[in-house]
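Trainee: Pasting in a structure now, in structure tokens, and then I'll have a few things to ask.
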Amino acid sequence: QVQLVESGGGSVQAGGSLRLSCAVSGRTFASYSVGWFRQVPGKEREFVAAISWPDLITIYIDSVKGRFTISRDNAKNTSYLQMNSLKPEDTAVYYCNTAPGSVRSIKRMKPSTDFASWGQGTQVTVSS
């Protein structure tokens, strides 16, 4: 079974930066697209960004375009989410997950039902 461990969260002021990491084990990392998601209390988990392999196609939601950058290091079975120019509305618990297929496929998946498991997430808090 896949295991996902997110890290790198913290508390920053608006305009600051954080780099999140997602370590994946239990599956052939290079065979899957990787997605990042976030959730705030009382709301559904939402898609944020994804990256494919081997073509490294990326996709982002509009609110983070130009500020967030997703990447992956297959040698380390790890994905990263570099978050710059952070805003208070970016405050959330951030999660990662993997899925076969394209980045558009993982974006269409429903977080509450279409993934077998999730990691514990990492909290990002942005103050104004």
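In the structure tokens, chains take the letters A, B, ... in the order shown, each chain's residues start at 1, and ligands count up from 1 in the order shown.
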Where does stretch 26-80 of chain A meet stretch 85-108 of chain A within 7 Å, residue by residue, with the nearest atom pair and distance in Å to one decimal for each, counting only C-alpha atoms, listed by chain and rising number, as a tab-separated table?
Mentor:
```
residue	atom	partner	partner_atom	distance
A:Ser31	CA	A:Pro100	CA	6.9
A:Tyr32	CA	A:Pro100	CA	4.7
A:Ser33	CA	A:Ala99	CA	5.5
A:Val34	CA	A:Thr98	CA	4.5
A:Gly35	CA	A:Asn97	CA	5.4
A:Trp36	CA	A:Cys96	CA	4.3
A:Phe37	CA	A:Tyr95	CA	5.1
A:Arg38	CA	A:Tyr94	CA	4.3
A:Gln39	CA	A:Ala92	CA	5.3
A:Val40	CA	A:Ala92	CA	4.9
A:Phe47	CA	A:Lys107	CA	6.2
A:Ala50	CA	A:Val103	CA	5.6
A:Ile51	CA	A:Val103	CA	6.0
A:Ser52	CA	A:Val103	CA	5.8
A:Thr58	CA	A:Val103	CA	6.8
A:Ile59	CA	A:Val103	CA	6.5
A:Arg67	CA	A:Ser85	CA	6.0
```
Trainee: Would you output that residue set with N, CA and C atoms, as a short mmCIF file (atom, residue, chain, number, x, y, z; two decimals), in the first residue's frame?
Mentor:
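again-v4.cif, freshly written:
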```
data_model
loop_
_atom_site.label_atom_id
_atom_site.label_comp_id
_atom_site.auth_asym_id
_atom_site.auth_seq_id
_atom_site.Cartn_x
_atom_site.Cartn_y
_atom_site.Cartn_z
N SER A 31 5.92 5.78 -12.16
CA SER A 31 4.80 5.38 -13.02
C SER A 31 3.56 6.23 -12.82
N TYR A 32 3.61 7.18 -11.91
CA TYR A 32 2.41 7.93 -11.52
C TYR A 32 2.59 9.42 -11.63
N SER A 33 1.50 10.09 -11.92
CA SER A 33 1.45 11.54 -11.74
C SER A 33 1.31 11.82 -10.24
N VAL A 34 1.79 12.98 -9.83
CA VAL A 34 1.72 13.38 -8.42
C VAL A 34 0.89 14.65 -8.33
N GLY A 35 0.00 14.68 -7.36
CA GLY A 35 -0.83 15.85 -7.15
C GLY A 35 -0.70 16.37 -5.73
N TRP A 36 -0.86 17.67 -5.59
CA TRP A 36 -0.93 18.31 -4.29
C TRP A 36 -2.36 18.84 -4.09
N PHE A 37 -2.85 18.72 -2.88
CA PHE A 37 -4.19 19.13 -2.53
C PHE A 37 -4.14 19.92 -1.22
N ARG A 38 -5.21 20.64 -0.91
CA ARG A 38 -5.25 21.34 0.37
C ARG A 38 -6.68 21.36 0.91
N GLN A 39 -6.76 21.50 2.21
CA GLN A 39 -8.07 21.48 2.86
C GLN A 39 -8.10 22.43 4.05
N VAL A 40 -9.17 23.19 4.13
CA VAL A 40 -9.42 24.03 5.29
C VAL A 40 -10.61 23.46 6.04
N PHE A 47 -7.97 20.28 -5.18
CA PHE A 47 -6.76 20.11 -5.98
C PHE A 47 -6.00 21.43 -6.06
N ALA A 50 -0.40 19.50 -10.07
CA ALA A 50 0.01 18.13 -10.38
C ALA A 50 1.15 18.16 -11.39
N ILE A 51 1.91 17.06 -11.41
CA ILE A 51 3.02 16.92 -12.35
C ILE A 51 3.06 15.48 -12.85
N SER A 52 3.32 15.32 -14.13
CA SER A 52 3.35 13.98 -14.72
C SER A 52 4.80 13.50 -14.88
N THR A 58 2.87 20.07 -16.10
CA THR A 58 2.33 20.55 -14.84
C THR A 58 0.99 21.26 -15.05
N ILE A 59 0.20 21.29 -14.01
CA ILE A 59 -1.09 21.97 -14.05
C ILE A 59 -1.35 22.55 -12.67
N ARG A 67 2.79 31.58 -8.59
CA ARG A 67 3.31 31.66 -7.21
C ARG A 67 3.82 30.30 -6.73
#
```
Trainee: From a DSSP pass on the backbone, collect the residues of chain A flagged as strand (DSSP E) and hand them back as a PyMOL selection string.
Mentor: chain A and resi 3-7+10-13+18-25+33-39+46-51+58-60+68-73+78-83+92-99+122-127
Trainee: DSSP on the backbone: what in chain A comes out alpha helix (DSSP H), as a list in words?
Mentor: Val103, Arg104, Ser105, Ile106, Lys107 and Arg108 of chain A
Trainee: Identify which of the residues A:Gln1, A:Ser21, A:Ser11, A:Ser112 lies closest to A:Ser71, counting only C-alpha atoms when measuring atom-to-atom distances.
Mentor: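 Looking only at the distances to A:Ser71, the closest residue turns out to be A:Ser21.
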Trainee: Could you tell me how far atom CA of A:Leu81 lies from atom CA of A:Ile61, in Å and to one decimal?
Mentor: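 These two atoms are separated by 13.3 Å.
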Trainee: Report the distance between atom CA of A:Ala23 and atom CA of A:Glu6 in Å, rounded to one decimal place.
Mentor: 6.5 Å
Trainee: For A:Glu46, which residue out of A:Met109, A:Ala30, A:Thr122, A:Ser127 is the nearest one, using only C-alpha atoms?
Mentor: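 For A:Glu46, the nearest of the candidates is A:Met109.
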Trainee: Would you mind listing what lies within 10 Å of A:Gly66 as a short mmCIF file (atom, residue, chain, number, x, y, z; two decimals) with N, CA and C atoms, in the first residue's frame, with only C-alpha atoms counted and same-chain residues fewer than 3 positions away left out?
Mentor:
```cif
data_model
loop_
_atom_site.label_atom_id
_atom_site.label_comp_id
_atom_site.auth_asym_id
_atom_site.auth_seq_id
_atom_site.Cartn_x
_atom_site.Cartn_y
_atom_site.Cartn_z
N TYR A 60 -1.96 23.74 -12.64
CA TYR A 60 -2.20 24.45 -11.38
C TYR A 60 -3.62 25.03 -11.39
N ASP A 62 -5.98 28.24 -10.81
CA ASP A 62 -5.69 29.63 -11.18
C ASP A 62 -5.14 30.45 -10.02
N SER A 63 -5.63 30.20 -8.82
CA SER A 63 -5.25 31.06 -7.69
C SER A 63 -3.79 30.91 -7.27
N THR A 69 5.19 26.29 -7.52
CA THR A 69 5.86 25.46 -8.53
C THR A 69 5.95 24.04 -8.00
N MET A 83 6.23 27.23 -2.67
CA MET A 83 5.15 28.21 -2.55
C MET A 83 5.75 29.57 -2.23
N ASN A 84 5.61 30.50 -3.15
CA ASN A 84 6.11 31.86 -2.97
C ASN A 84 4.95 32.84 -2.91
N SER A 85 5.24 34.05 -2.46
CA SER A 85 4.22 35.11 -2.37
C SER A 85 2.96 34.59 -1.70
#
```
Trainee: Identify, on the basis of only C-alpha atoms, every residue whose closest approach to A:Gln82 does not exceed 7 Å; exclude the query and any residue fewer than 5 positions from it along the same chain; express the result as number ranges by chain.
Mentor: A: 18-20, 68-70
Trainee: Counting only C-alpha atoms, figure out which residue out of A:Pro54, A:Gly15, A:Gly26, A:Gly42 gets nearest to A:Gln3.
Mentor: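 Selected residue with least distance to A:Gln3: A:Gly26.
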Trainee: Taking only C-alpha atoms into account, name the residue in A:Gln123, A:Thr113, A:Ile57, A:Ala75 that is nearest to A:Phe29.
Mentor: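 Of A:Gln123, A:Thr113, A:Ile57, A:Ala75, the one nearest A:Phe29, counting only C-alpha atoms, is A:Ala75.
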Trainee: Which value, in Å to one decimal, gives the distance between atom CA of A:Ser25 and atom CA of A:Asn77?
Mentor: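 Taking atom CA of A:Ser25 as the start and atom CA of A:Asn77 as the end point, the length is 7.1 Å.
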